[in-house]
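Student: One structure is given below, represented as structure tokens, and several questions about it will come after.
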Amino acid sequence: MEIVVLVKQVPDTESIIQIGEDNVSIKTDDIKWVMNPYDELAVEAALQIKEAQGGTVTILSMGPDKTVEVIRTALAMGADTGVHINDPATVGSDALSRAKLLAAAIRARPFDLVIAGMRAVDEDNYQVGAAVAEYLDIPQFTQVTKVVVENDTIKCHQVVEGATVVAEASLPALFTTQRGLNEPRYASLPGIMKAKKKPIETLTLADLDVSPETVGPAGRKINVTALRFPPEREPVKMIDGENAADIASKLATVLHEEIKVI
Amino acid sequence: MTQGVLVICEQRDGAFRKISFEAVSEGRRLADGLNTDLTALVLGGDIADIAGDLEACGPDKIWVADDPLLMDYRTESYTTVCAQAIQSASPQVVLIGASAQGKDLAARLAARLDAGLVMDCIAIRLEDGQLTYTRPMSGGKILADVSITGTPQLVAIRSNVMPITKSSHACTTETFDVQVDEPRTRVVDKKVESGDKVELTEAAIVVSGGRGTGGDYAAIEELASLVNGAVGASRSAVDEGWRPHSDQVGQTGKVVSPSLYVACGISGAIQHLAGMSTSKNIVAINKDAEAPIFAKADYGVVGDLFEIVPELTKAVRQIKE
């Protein structure tokens with residue numbers, strides 16, 4: 001079983017995001033960078049499938065030099081090899097362009113299964129996994145909470161609003177992870193030591209079958225024109241009272257008469 | 001020549017999701033602004049008789065793609081039919097609800113058409129003929145204004161944000177001829193939740209509990225049920241195993257935009273605040289007067305949720321009676 005896991009390095013969710021001077025990007029100075037939490041689920045899922053069936057787990061990521069940190073983290077968790085698309089010409093690519101680059105890197109090697117986070121918690125696009133599946137012309141399952149891979153068939157549980165759908169397909173296929181799929185393991189100390197010796201291949205645009213004009217800033221279809229913070233709320237109005245019943249009664253009146261939601 | 005607005009509607013088992021009415025209503029406003037026509041596309045199996053339910057929101061045309069192969073939502077078959085409709089109509093803008101299914105479809109469709117997609121759009125602005133879309137990023141910590149290069153411009157709108165409005169228009173309903181292959185994925189089982197459970201992202205009222213509940217959600221569930229709302233939870237409550245992952249509100253869970261969000265025993269970690277900040281009204285109930293949640297709330301109560309919430313339920317019940 002040849003498994004490729006797509007991994008992205010993102011700001012930690014506890015980070016305070018600040019908008020840069022250019023008003024279209026975020027300040028990156030004080031940010032702690034981590035593996036996208038949904039990608040941790042993807043790595044764990046890949047390792048569990050490999051442990052059950054054998055095979056290799058390849059970690060694929062794109063980004064600047066520091067991206068290698070999350071590839072190493074995944075290797076320390078137990079993945080076998082890494083592939084790092086690192087080329088200044090690809091910086092500033094939008095979701096579709098990134099999917100083109102990632103798909104090109106996957107297409108150049110054998111694969112049975114591609115696993116990705118359902119979204120990256122920085123841009124929240126929910127887009128790269130499905131686009132990679134389209135470019136590879138393979139079936140997709142997004143937002144998966146349970147997966148079974150047996151005899152070249154994949155069966156996935158997908159939670160949609162108000163229902164759970166169970167669907168299957170023959171491999172090769174791609175699925176994206178939703179919370180609840182598994183609990184990602186931590187990298188062990190021996191795992192971290194071993195990861196230092198595992199191979200990471202670096203690719204540039206020249207290694208990939210993608211037209212240079214479709215990536216980077218020039219290839220963008222989505223252009224950010226301004227970033228801002230959500231509007232500030234009015235200062236909080238505290239509701240006091242003699243006892244719980246009194247406070248609750250005042251609060252209920254506010255909900256009924258002032259904001260009219262009840 | 002690309003013109004017109006196309007809305008891809010979502011139905012399940014012969015009933016439209018609420019997001020479909022939100023999308024058609026927004027499509028009507030957009031089409032009026034662009035002085036163009038609005039087409040609503042409905043896909044499914046044996047659904048011809050439900051198409052009329054959309055008419056009140058004002059489409060000029062309803063396209064019905066009715067085929068046994070479209071009975072279950074499948075990414076590939078729906079993508080193929082939507083791509084055919086878009087190629088046939090050449091719309092400037094395509095709206096779709098950003099539900100789980102809508103996200104799956106919109107992302108595949110964008111790649112199929114090589115078209116720009118704005119995911120989870122919360123506002124569309126038209127100025128001097130230029131469309132600007134607003135979407136949250138980093139789980140709602142920041143808002144981005146974006147424009148799309150080229151057409152069609154694919155826009156997946158977030159649930160519960162854009163109002164449903166009535167508009168009377170002469171509307172024609174036509175069959176859209178479907179040419180679709182058997183999809184490579186097969187649905188083998190479908191478990192529908194009980195009908196009275198309100199979906200978190202669609203609820204008008206969300207009552208959420210955090211670490212302060214100690215795992216006891218009885219009072220929260222009672223209040224939520226009384227107001228026909230949904231129960232939410234913080235990440236720490238989910239990590240404790242008190243609530244399922246599907247209840248989690250926050251940057252690594254669901255982002256909600258209800259009319260009223262009641263945060264009970266939630267201190268207000270940054271990643272939780274991100275998931276609820278677009279709520280129209282926020283009430284915080286917490287023992288700790290210094291809890292960060294109060295800085296993001298409209299109304300605050302310092303007190304024990306186990307005393308306040310049952311009394312609030314009682315008071316709301318009196319108002320309702």
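Scheme for the structure tokens: letters A, B, ... for chains in order shown; per-chain residue numbers from 1; ligand numbers from 1 in order shown.
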Please return, as JSON, numbers by chain, all residues of chain A lying within 6 Å of chain B when only C-alpha atoms are considered.

Tutor: {"A": [13, 14, 121, 122, 123, 124, 125, 127, 130, 131, 160, 162, 163, 164, 165, 166, 167, 168, 169, 180, 221, 222, 223, 224, 225, 226, 227, 228, 229, 236, 237, 238, 239, 244, 245, 248, 249, 252]}

Student: List the neighbours of B:Gly268 out to 8 Å using only C-alpha atoms; skip same-chain residues closer than 5 positions along the sequence, and give me the result as a list in words.

Tutor: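 Once the nearby chain positions are removed, what remains is Leu273, Ala291, Pro292 and Ile293 of chain B.
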
Student: Can you list, as a compact mmCIF listing (two decimals) with all heavy atoms, in the first residue's frame, every residue of stretch 76-258 of chain A that DSSP puts in strand (DSSP E or B)?

Tutor:
# COMPACT_ATOMS: atom_id res chain seq x y z
N THR A 81 9.09 8.43 4.31
CA THR A 81 9.88 9.38 3.52
C THR A 81 9.13 10.69 3.38
O THR A 81 7.91 10.74 3.59
CB THR A 81 10.17 8.85 2.10
OG1 THR A 81 8.91 8.70 1.42
CG2 THR A 81 10.89 7.53 2.10
N GLY A 82 9.89 11.72 3.00
CA GLY A 82 9.27 13.03 2.81
C GLY A 82 9.57 13.57 1.43
O GLY A 82 10.60 13.25 0.83
N VAL A 83 8.64 14.38 0.94
CA VAL A 83 8.85 15.12 -0.31
C VAL A 83 8.49 16.57 -0.03
O VAL A 83 7.40 16.86 0.49
CB VAL A 83 7.98 14.56 -1.46
CG1 VAL A 83 8.20 15.38 -2.73
CG2 VAL A 83 8.28 13.09 -1.71
N HIS A 84 9.39 17.47 -0.36
CA HIS A 84 9.21 18.89 -0.03
C HIS A 84 9.30 19.72 -1.31
O HIS A 84 10.36 19.77 -1.94
CB HIS A 84 10.32 19.30 0.97
CG HIS A 84 10.23 20.72 1.39
ND1 HIS A 84 11.23 21.34 2.13
CD2 HIS A 84 9.29 21.68 1.18
CE1 HIS A 84 10.89 22.60 2.35
NE2 HIS A 84 9.73 22.83 1.78
N ILE A 85 8.18 20.31 -1.69
CA ILE A 85 8.19 21.23 -2.84
C ILE A 85 8.62 22.59 -2.29
O ILE A 85 7.91 23.20 -1.49
CB ILE A 85 6.80 21.32 -3.51
CG1 ILE A 85 6.34 19.94 -3.98
CG2 ILE A 85 6.84 22.33 -4.66
CD1 ILE A 85 4.90 19.91 -4.49
N LEU A 113 -3.31 5.48 -2.18
CA LEU A 113 -4.19 6.24 -1.30
C LEU A 113 -3.54 7.58 -0.99
O LEU A 113 -2.34 7.65 -0.69
CB LEU A 113 -4.40 5.43 0.00
CG LEU A 113 -5.32 6.01 1.06
CD1 LEU A 113 -6.74 6.21 0.52
CD2 LEU A 113 -5.35 5.07 2.27
N VAL A 114 -4.34 8.64 -1.09
CA VAL A 114 -3.87 9.98 -0.70
C VAL A 114 -4.75 10.44 0.45
O VAL A 114 -5.98 10.31 0.40
CB VAL A 114 -3.96 10.98 -1.88
CG1 VAL A 114 -3.42 12.35 -1.46
CG2 VAL A 114 -3.22 10.45 -3.10
N ILE A 115 -4.12 10.96 1.51
CA ILE A 115 -4.87 11.43 2.68
C ILE A 115 -4.48 12.88 2.94
O ILE A 115 -3.30 13.24 2.89
CB ILE A 115 -4.59 10.57 3.94
CG1 ILE A 115 -4.65 9.08 3.61
CG2 ILE A 115 -5.58 10.92 5.05
CD1 ILE A 115 -4.30 8.17 4.79
N ALA A 116 -5.48 13.73 3.21
CA ALA A 116 -5.22 15.14 3.50
C ALA A 116 -6.14 15.58 4.63
O ALA A 116 -7.17 14.96 4.90
CB ALA A 116 -5.49 15.99 2.25
N GLY A 117 -5.78 16.66 5.30
CA GLY A 117 -6.70 17.28 6.26
C GLY A 117 -7.87 17.87 5.50
O GLY A 117 -7.72 18.27 4.34
N GLN A 140 -13.04 10.83 -4.34
CA GLN A 140 -12.71 11.51 -3.09
C GLN A 140 -13.78 11.26 -2.04
O GLN A 140 -14.95 11.06 -2.38
CB GLN A 140 -12.59 13.03 -3.32
CG GLN A 140 -13.97 13.70 -3.50
CD GLN A 140 -13.86 15.15 -3.92
OE1 GLN A 140 -13.13 15.49 -4.85
NE2 GLN A 140 -14.61 16.01 -3.25
N PHE A 141 -13.34 11.29 -0.80
CA PHE A 141 -14.26 11.30 0.34
C PHE A 141 -13.77 12.42 1.25
O PHE A 141 -12.62 12.36 1.70
CB PHE A 141 -14.22 9.97 1.10
CG PHE A 141 -14.58 8.78 0.26
CD1 PHE A 141 -13.59 8.07 -0.41
CD2 PHE A 141 -15.90 8.36 0.13
CE1 PHE A 141 -13.90 6.96 -1.19
CE2 PHE A 141 -16.23 7.26 -0.64
CZ PHE A 141 -15.23 6.56 -1.31
N THR A 142 -14.61 13.42 1.53
CA THR A 142 -14.15 14.51 2.38
C THR A 142 -14.80 14.41 3.76
O THR A 142 -15.86 13.82 3.92
CB THR A 142 -14.47 15.89 1.75
OG1 THR A 142 -15.85 15.94 1.42
CG2 THR A 142 -13.65 16.12 0.49
N GLN A 143 -14.15 15.01 4.74
CA GLN A 143 -14.65 15.08 6.13
C GLN A 143 -14.98 13.69 6.67
O GLN A 143 -16.08 13.41 7.13
CB GLN A 143 -15.86 16.02 6.22
CG GLN A 143 -15.55 17.39 5.66
CD GLN A 143 -16.51 18.47 6.12
OE1 GLN A 143 -17.20 18.33 7.12
NE2 GLN A 143 -16.55 19.58 5.40
N VAL A 144 -13.98 12.84 6.65
CA VAL A 144 -14.17 11.43 7.03
C VAL A 144 -13.92 11.24 8.52
O VAL A 144 -12.92 11.71 9.06
CB VAL A 144 -13.24 10.54 6.18
CG1 VAL A 144 -13.20 9.12 6.72
CG2 VAL A 144 -13.67 10.56 4.73
N THR A 145 -14.83 10.51 9.19
CA THR A 145 -14.69 10.26 10.63
C THR A 145 -14.36 8.80 10.93
O THR A 145 -14.07 8.45 12.07
CB THR A 145 -15.98 10.62 11.38
OG1 THR A 145 -17.07 9.90 10.80
CG2 THR A 145 -16.27 12.12 11.31
N LYS A 146 -14.44 7.94 9.92
CA LYS A 146 -14.04 6.55 10.12
C LYS A 146 -13.65 5.99 8.75
O LYS A 146 -14.31 6.30 7.75
CB LYS A 146 -15.22 5.75 10.69
CG LYS A 146 -14.85 4.32 11.06
CD LYS A 146 -16.05 3.55 11.60
CE LYS A 146 -15.66 2.08 11.79
NZ LYS A 146 -16.83 1.26 12.07
N VAL A 147 -12.59 5.21 8.72
CA VAL A 147 -12.15 4.66 7.44
C VAL A 147 -11.73 3.20 7.61
O VAL A 147 -11.14 2.84 8.62
CB VAL A 147 -10.99 5.51 6.85
CG1 VAL A 147 -9.76 5.49 7.75
CG2 VAL A 147 -10.61 5.04 5.45
N VAL A 148 -12.09 2.39 6.63
CA VAL A 148 -11.67 0.99 6.60
C VAL A 148 -11.10 0.74 5.20
O VAL A 148 -11.77 1.01 4.20
CB VAL A 148 -12.87 0.03 6.84
CG1 VAL A 148 -12.39 -1.42 6.82
CG2 VAL A 148 -13.57 0.36 8.15
N VAL A 149 -9.86 0.23 5.15
CA VAL A 149 -9.26 -0.11 3.87
C VAL A 149 -9.00 -1.62 3.85
O VAL A 149 -8.31 -2.14 4.73
CB VAL A 149 -7.93 0.64 3.64
CG1 VAL A 149 -7.29 0.24 2.32
CG2 VAL A 149 -8.17 2.15 3.67
N GLU A 150 -9.59 -2.30 2.89
CA GLU A 150 -9.46 -3.76 2.80
C GLU A 150 -9.50 -4.18 1.34
O GLU A 150 -10.41 -3.74 0.61
CB GLU A 150 -10.64 -4.46 3.52
CG GLU A 150 -10.40 -4.73 4.98
CD GLU A 150 -11.68 -5.24 5.66
OE1 GLU A 150 -12.72 -5.37 5.00
OE2 GLU A 150 -11.59 -5.50 6.85
N THR A 153 -10.24 -1.88 -1.45
CA THR A 153 -11.48 -1.10 -1.35
C THR A 153 -11.39 -0.20 -0.13
O THR A 153 -10.90 -0.62 0.91
CB THR A 153 -12.69 -2.04 -1.22
OG1 THR A 153 -12.78 -2.85 -2.38
CG2 THR A 153 -14.00 -1.25 -1.08
N ILE A 154 -11.86 1.03 -0.28
CA ILE A 154 -11.89 1.95 0.85
C ILE A 154 -13.34 2.26 1.19
O ILE A 154 -14.16 2.49 0.30
CB ILE A 154 -11.10 3.25 0.55
CG1 ILE A 154 -11.14 4.20 1.75
CG2 ILE A 154 -11.60 3.95 -0.71
CD1 ILE A 154 -10.18 5.37 1.63
N LYS A 155 -13.64 2.19 2.50
CA LYS A 155 -14.99 2.53 2.95
C LYS A 155 -14.86 3.67 3.96
O LYS A 155 -14.07 3.58 4.90
CB LYS A 155 -15.64 1.30 3.60
CG LYS A 155 -17.11 1.51 3.92
CD LYS A 155 -17.64 0.46 4.87
CE LYS A 155 -17.94 -0.86 4.19
NZ LYS A 155 -18.63 -1.80 5.11
N CYS A 156 -15.63 4.73 3.74
CA CYS A 156 -15.51 5.93 4.58
C CYS A 156 -16.84 6.34 5.18
O CYS A 156 -17.87 6.29 4.51
CB CYS A 156 -14.99 7.11 3.76
SG CYS A 156 -13.31 6.91 3.17
N HIS A 157 -16.80 6.78 6.45
CA HIS A 157 -17.97 7.40 7.08
C HIS A 157 -17.78 8.91 6.98
O HIS A 157 -16.76 9.44 7.41
CB HIS A 157 -18.06 7.01 8.55
CG HIS A 157 -18.37 5.56 8.76
ND1 HIS A 157 -19.45 5.13 9.49
CD2 HIS A 157 -17.74 4.44 8.32
CE1 HIS A 157 -19.47 3.80 9.50
NE2 HIS A 157 -18.44 3.35 8.80
N GLN A 158 -18.77 9.58 6.42
CA GLN A 158 -18.71 11.03 6.28
C GLN A 158 -19.88 11.64 7.03
O GLN A 158 -21.04 11.27 6.77
CB GLN A 158 -18.81 11.44 4.80
CG GLN A 158 -17.66 10.92 3.95
CD GLN A 158 -17.91 11.19 2.48
OE1 GLN A 158 -18.53 10.37 1.80
NE2 GLN A 158 -17.43 12.32 1.99
N VAL A 159 -19.59 12.57 7.92
CA VAL A 159 -20.67 13.24 8.65
C VAL A 159 -21.10 14.47 7.85
O VAL A 159 -20.29 15.35 7.58
CB VAL A 159 -20.22 13.64 10.06
CG1 VAL A 159 -21.31 14.41 10.78
CG2 VAL A 159 -19.85 12.39 10.86
N VAL A 160 -22.35 14.49 7.45
CA VAL A 160 -22.91 15.69 6.83
C VAL A 160 -23.97 16.22 7.79
O VAL A 160 -24.28 15.58 8.78
CB VAL A 160 -23.51 15.40 5.43
CG1 VAL A 160 -22.43 14.90 4.49
CG2 VAL A 160 -24.64 14.38 5.51
N ALA A 163 -26.77 13.78 9.23
CA ALA A 163 -26.70 12.38 8.79
C ALA A 163 -25.24 11.92 8.70
O ALA A 163 -24.32 12.73 8.65
CB ALA A 163 -27.38 12.20 7.43
N THR A 164 -25.07 10.62 8.73
CA THR A 164 -23.76 10.03 8.45
C THR A 164 -23.92 9.16 7.20
O THR A 164 -24.82 8.33 7.13
CB THR A 164 -23.29 9.15 9.62
OG1 THR A 164 -23.22 9.97 10.79
CG2 THR A 164 -21.92 8.56 9.34
N VAL A 165 -23.06 9.38 6.22
CA VAL A 165 -23.11 8.62 4.98
C VAL A 165 -21.91 7.68 4.95
O VAL A 165 -20.79 8.10 5.24
CB VAL A 165 -23.07 9.58 3.76
CG1 VAL A 165 -23.02 8.78 2.46
CG2 VAL A 165 -24.26 10.52 3.78
N VAL A 166 -22.17 6.42 4.65
CA VAL A 166 -21.09 5.45 4.51
C VAL A 166 -20.97 5.12 3.03
O VAL A 166 -21.96 4.70 2.41
CB VAL A 166 -21.36 4.17 5.33
CG1 VAL A 166 -20.15 3.24 5.28
CG2 VAL A 166 -21.72 4.52 6.77
N ALA A 167 -19.79 5.31 2.46
CA ALA A 167 -19.62 5.08 1.03
C ALA A 167 -18.30 4.39 0.78
O ALA A 167 -17.39 4.44 1.61
CB ALA A 167 -19.68 6.41 0.28
N GLU A 168 -18.21 3.71 -0.36
CA GLU A 168 -16.97 2.99 -0.66
C GLU A 168 -16.58 3.17 -2.12
O GLU A 168 -17.39 3.58 -2.96
CB GLU A 168 -17.12 1.51 -0.33
CG GLU A 168 -18.20 0.80 -1.13
CD GLU A 168 -18.31 -0.69 -0.80
OE1 GLU A 168 -17.91 -1.09 0.31
OE2 GLU A 168 -18.80 -1.43 -1.67
N ALA A 169 -15.32 2.86 -2.39
CA ALA A 169 -14.79 2.93 -3.76
C ALA A 169 -13.58 2.01 -3.84
O ALA A 169 -13.02 1.62 -2.82
CB ALA A 169 -14.38 4.36 -4.10
N SER A 170 -13.19 1.70 -5.07
CA SER A 170 -11.95 0.97 -5.27
C SER A 170 -10.79 1.96 -5.23
O SER A 170 -10.94 3.11 -5.61
CB SER A 170 -11.97 0.27 -6.63
OG SER A 170 -13.04 -0.64 -6.68
N ALA A 173 -7.74 6.22 -4.28
CA ALA A 173 -8.73 7.21 -3.87
C ALA A 173 -8.05 8.20 -2.93
O ALA A 173 -6.90 8.00 -2.52
CB ALA A 173 -9.90 6.52 -3.17
N LEU A 174 -8.78 9.26 -2.63
CA LEU A 174 -8.29 10.28 -1.69
C LEU A 174 -9.37 10.51 -0.64
O LEU A 174 -10.55 10.52 -0.97
CB LEU A 174 -8.00 11.59 -2.44
CG LEU A 174 -7.59 12.81 -1.59
CD1 LEU A 174 -6.58 13.69 -2.35
CD2 LEU A 174 -8.78 13.66 -1.15
N PHE A 175 -8.94 10.66 0.62
CA PHE A 175 -9.93 11.11 1.62
C PHE A 175 -9.34 12.21 2.47
O PHE A 175 -8.12 12.33 2.59
CB PHE A 175 -10.48 9.94 2.43
CG PHE A 175 -9.60 9.38 3.52
CD1 PHE A 175 -9.64 9.91 4.81
CD2 PHE A 175 -8.75 8.30 3.26
CE1 PHE A 175 -8.85 9.37 5.81
CE2 PHE A 175 -7.96 7.76 4.27
CZ PHE A 175 -8.00 8.30 5.55
N THR A 176 -10.23 13.05 3.04
CA THR A 176 -9.79 14.11 3.94
C THR A 176 -10.36 13.87 5.33
O THR A 176 -11.43 13.28 5.48
CB THR A 176 -10.20 15.52 3.45
OG1 THR A 176 -11.61 15.73 3.63
CG2 THR A 176 -9.84 15.75 1.99
N THR A 177 -9.63 14.32 6.33
CA THR A 177 -9.92 13.94 7.72
C THR A 177 -10.79 14.96 8.43
O THR A 177 -10.63 16.16 8.28
CB THR A 177 -8.60 13.83 8.50
OG1 THR A 177 -7.94 15.10 8.46
CG2 THR A 177 -7.69 12.77 7.91
N ILE A 200 14.41 13.03 2.80
CA ILE A 200 13.44 14.04 2.35
C ILE A 200 13.93 14.54 0.99
O ILE A 200 15.01 15.10 0.86
CB ILE A 200 13.33 15.22 3.33
CG1 ILE A 200 12.81 14.74 4.69
CG2 ILE A 200 12.38 16.29 2.76
CD1 ILE A 200 12.70 15.83 5.73
N GLU A 201 13.11 14.33 -0.01
CA GLU A 201 13.44 14.75 -1.37
C GLU A 201 12.91 16.18 -1.57
O GLU A 201 11.79 16.48 -1.18
CB GLU A 201 12.74 13.79 -2.34
CG GLU A 201 13.01 14.06 -3.81
CD GLU A 201 12.17 13.16 -4.72
OE1 GLU A 201 11.40 12.30 -4.21
OE2 GLU A 201 12.27 13.32 -5.93
N THR A 202 13.73 17.03 -2.15
CA THR A 202 13.29 18.39 -2.42
C THR A 202 12.98 18.54 -3.91
O THR A 202 13.78 18.12 -4.75
CB THR A 202 14.36 19.42 -2.01
OG1 THR A 202 14.65 19.23 -0.63
CG2 THR A 202 13.87 20.84 -2.23
N LEU A 203 11.83 19.11 -4.21
CA LEU A 203 11.44 19.32 -5.60
C LEU A 203 11.30 20.81 -5.87
O LEU A 203 10.87 21.56 -5.00
CB LEU A 203 10.09 18.64 -5.89
CG LEU A 203 10.00 17.12 -5.71
CD1 LEU A 203 8.56 16.66 -5.96
CD2 LEU A 203 10.96 16.41 -6.65
N ILE A 222 -7.77 33.78 -6.87
CA ILE A 222 -8.33 34.40 -5.67
C ILE A 222 -7.33 35.45 -5.18
O ILE A 222 -6.19 35.14 -4.86
CB ILE A 222 -8.53 33.33 -4.56
CG1 ILE A 222 -9.52 32.26 -5.03
CG2 ILE A 222 -9.00 33.98 -3.27
CD1 ILE A 222 -10.93 32.74 -5.25
N ASN A 223 -7.76 36.71 -5.17
CA ASN A 223 -6.87 37.80 -4.80
C ASN A 223 -7.39 38.48 -3.53
O ASN A 223 -8.51 38.99 -3.51
CB ASN A 223 -6.82 38.84 -5.92
CG ASN A 223 -6.70 38.17 -7.29
OD1 ASN A 223 -5.66 37.58 -7.59
ND2 ASN A 223 -7.77 38.19 -8.06
N VAL A 224 -6.56 38.46 -2.50
CA VAL A 224 -6.96 39.13 -1.26
C VAL A 224 -6.72 40.62 -1.44
O VAL A 224 -5.61 41.06 -1.76
CB VAL A 224 -6.13 38.59 -0.06
CG1 VAL A 224 -6.48 39.36 1.21
CG2 VAL A 224 -6.39 37.10 0.13
N THR A 225 -7.79 41.42 -1.27
CA THR A 225 -7.64 42.87 -1.45
C THR A 225 -7.52 43.59 -0.12
O THR A 225 -6.99 44.69 -0.05
CB THR A 225 -8.83 43.45 -2.24
OG1 THR A 225 -10.05 43.09 -1.58
CG2 THR A 225 -8.86 42.90 -3.66
N ALA A 226 -8.01 42.99 0.95
CA ALA A 226 -7.87 43.61 2.27
C ALA A 226 -8.12 42.57 3.35
O ALA A 226 -8.95 41.67 3.18
CB ALA A 226 -8.85 44.77 2.43
N LEU A 227 -7.40 42.68 4.46
CA LEU A 227 -7.68 41.88 5.65
C LEU A 227 -8.13 42.82 6.75
O LEU A 227 -7.66 43.95 6.84
CB LEU A 227 -6.43 41.13 6.12
CG LEU A 227 -5.86 40.02 5.24
CD1 LEU A 227 -4.63 39.42 5.92
CD2 LEU A 227 -6.88 38.95 4.97
N ARG A 228 -9.04 42.39 7.58
CA ARG A 228 -9.43 43.20 8.73
C ARG A 228 -9.89 42.27 9.84
O ARG A 228 -10.15 41.09 9.62
CB ARG A 228 -10.51 44.21 8.36
CG ARG A 228 -11.79 43.58 7.86
CD ARG A 228 -12.81 44.66 7.51
NE ARG A 228 -14.08 44.06 7.15
CZ ARG A 228 -14.38 43.56 5.95
NH1 ARG A 228 -13.49 43.60 4.98
NH2 ARG A 228 -15.56 43.04 5.72
N LYS A 237 -22.38 44.09 28.66
CA LYS A 237 -23.29 44.58 29.71
C LYS A 237 -23.45 43.46 30.74
O LYS A 237 -23.96 42.40 30.41
CB LYS A 237 -24.66 44.93 29.12
CG LYS A 237 -24.61 46.04 28.08
CD LYS A 237 -26.04 46.45 27.70
CE LYS A 237 -26.08 47.37 26.50
NZ LYS A 237 -25.91 46.69 25.20
N MET A 238 -22.99 43.70 31.95
CA MET A 238 -23.10 42.67 32.98
C MET A 238 -24.48 42.74 33.63
O MET A 238 -25.01 43.82 33.88
CB MET A 238 -22.01 42.86 34.05
CG MET A 238 -20.58 42.78 33.50
SD MET A 238 -20.20 41.27 32.55
CE MET A 238 -20.23 40.04 33.87

Student: Quick one: of A:Ala79, A:Thr214, A:Ala120, A:Asp246, who's nearest to A:Asp12, counting only C-alpha atoms?

Tutor: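 Of A:Ala79, A:Thr214, A:Ala120, A:Asp246, the one nearest A:Asp12, counting only C-alpha atoms, is A:Ala120.
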
Student: Considering only C-alpha atoms, can you say which of A:Gly216, A:Leu75, A:Tyr126, A:Lys8 comes closest to A:Asn36?

Tutor: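 Of A:Gly216, A:Leu75, A:Tyr126, A:Lys8, the one nearest A:Asn36 is A:Lys8, counting only C-alpha atoms.
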
Student: Identify, on the basis of only C-alpha atoms, every residue whose closest approach to B:Ser90 does not exceed 12 Å; exclude the query and any residue fewer than 6 positions from it along the same chain; express the result as number ranges by chain.

Tutor: B: 1-6, 37, 39, 82-84, 113, 150-153

Student: Pick out the closest residue to A:Val210 from this set: A:Val10, A:Ala103, A:Ile259, A:Met193. Count only C-alpha atoms.

Tutor: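 Nearest to A:Val210: A:Ala103.
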
Student: Report the distance between atom CA of A:Ile49 and atom CA of A:Val128 in Å, rounded to one decimal place.

Tutor: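 Straight-line distance from atom CA of A:Ile49 to atom CA of A:Val128 works out to 22.2 Å.
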
Student: From the DSSP assignment of the backbone, select every residue of stretch 165-210 of chain A that is helix (DSSP H, G or I), and format the answer as a PDB file with N, CA and C atoms, in the first residue's frame.

Tutor:
ATOM      1  N   LEU A 189      10.750   9.650  21.426  1.00  0.00           N
ATOM      2  CA  LEU A 189      12.148  10.068  21.324  1.00  0.00           C
ATOM      3  C   LEU A 189      12.909   9.230  20.296  1.00  0.00           C
ATOM      4  N   PRO A 190      12.799   7.873  20.357  1.00  0.00           N
ATOM      5  CA  PRO A 190      13.463   7.093  19.291  1.00  0.00           C
ATOM      6  C   PRO A 190      12.940   7.466  17.907  1.00  0.00           C
ATOM      7  N   GLY A 191      11.628   7.792  17.826  1.00  0.00           N
ATOM      8  CA  GLY A 191      11.044   8.199  16.546  1.00  0.00           C
ATOM      9  C   GLY A 191      11.689   9.477  16.034  1.00  0.00           C
ATOM     10  N   ILE A 192      11.941  10.410  16.957  1.00  0.00           N
ATOM     11  CA  ILE A 192      12.566  11.681  16.575  1.00  0.00           C
ATOM     12  C   ILE A 192      13.995  11.440  16.100  1.00  0.00           C
ATOM     13  N   MET A 193      14.711  10.537  16.785  1.00  0.00           N
ATOM     14  CA  MET A 193      16.092  10.224  16.385  1.00  0.00           C
ATOM     15  C   MET A 193      16.110   9.574  15.001  1.00  0.00           C
ATOM     16  N   LYS A 194      15.203   8.608  14.813  1.00  0.00           N
ATOM     17  CA  LYS A 194      15.138   7.907  13.515  1.00  0.00           C
ATOM     18  C   LYS A 194      14.790   8.864  12.376  1.00  0.00           C
ATOM     19  N   ALA A 195      13.902   9.820  12.676  1.00  0.00           N
ATOM     20  CA  ALA A 195      13.415  10.734  11.634  1.00  0.00           C
ATOM     21  C   ALA A 195      14.549  11.543  11.019  1.00  0.00           C
ATOM     22  N   LEU A 205       9.981  23.691  -9.083  1.00  0.00           N
ATOM     23  CA  LEU A 205       9.000  23.767 -10.168  1.00  0.00           C
ATOM     24  C   LEU A 205       9.490  23.011 -11.411  1.00  0.00           C
ATOM     25  N   ALA A 206      10.796  23.060 -11.649  1.00  0.00           N
ATOM     26  CA  ALA A 206      11.364  22.411 -12.831  1.00  0.00           C
ATOM     27  C   ALA A 206      11.165  20.889 -12.802  1.00  0.00           C
ATOM     28  N   ASP A 207      11.005  20.332 -11.581  1.00  0.00           N
ATOM     29  CA  ASP A 207      10.826  18.881 -11.456  1.00  0.00           C
ATOM     30  C   ASP A 207       9.373  18.460 -11.674  1.00  0.00           C
TER      31      ASP A 207
END

Student: Residues at most 9 Å from A:Met77, counting only C-alpha atoms, excluding those fewer than 3 positions away in the same chain, as a list in words?

Tutor: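 Counting only C-alpha atoms, the residues come to Val43, Glu44, Leu47, Arg72, Thr73, Ala74, Pro184, Arg185, Tyr186, Ala187, Ser188, Gly191, Ile192 and Ala195 of chain A.
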
Student: So what do you get for atom CA of A:Asp87 versus atom CA of A:Ala108, distance-wise?

Tutor: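 Answer for the atom CA of A:Asp87 to atom CA of A:Ala108 separation: 17.6 Å.
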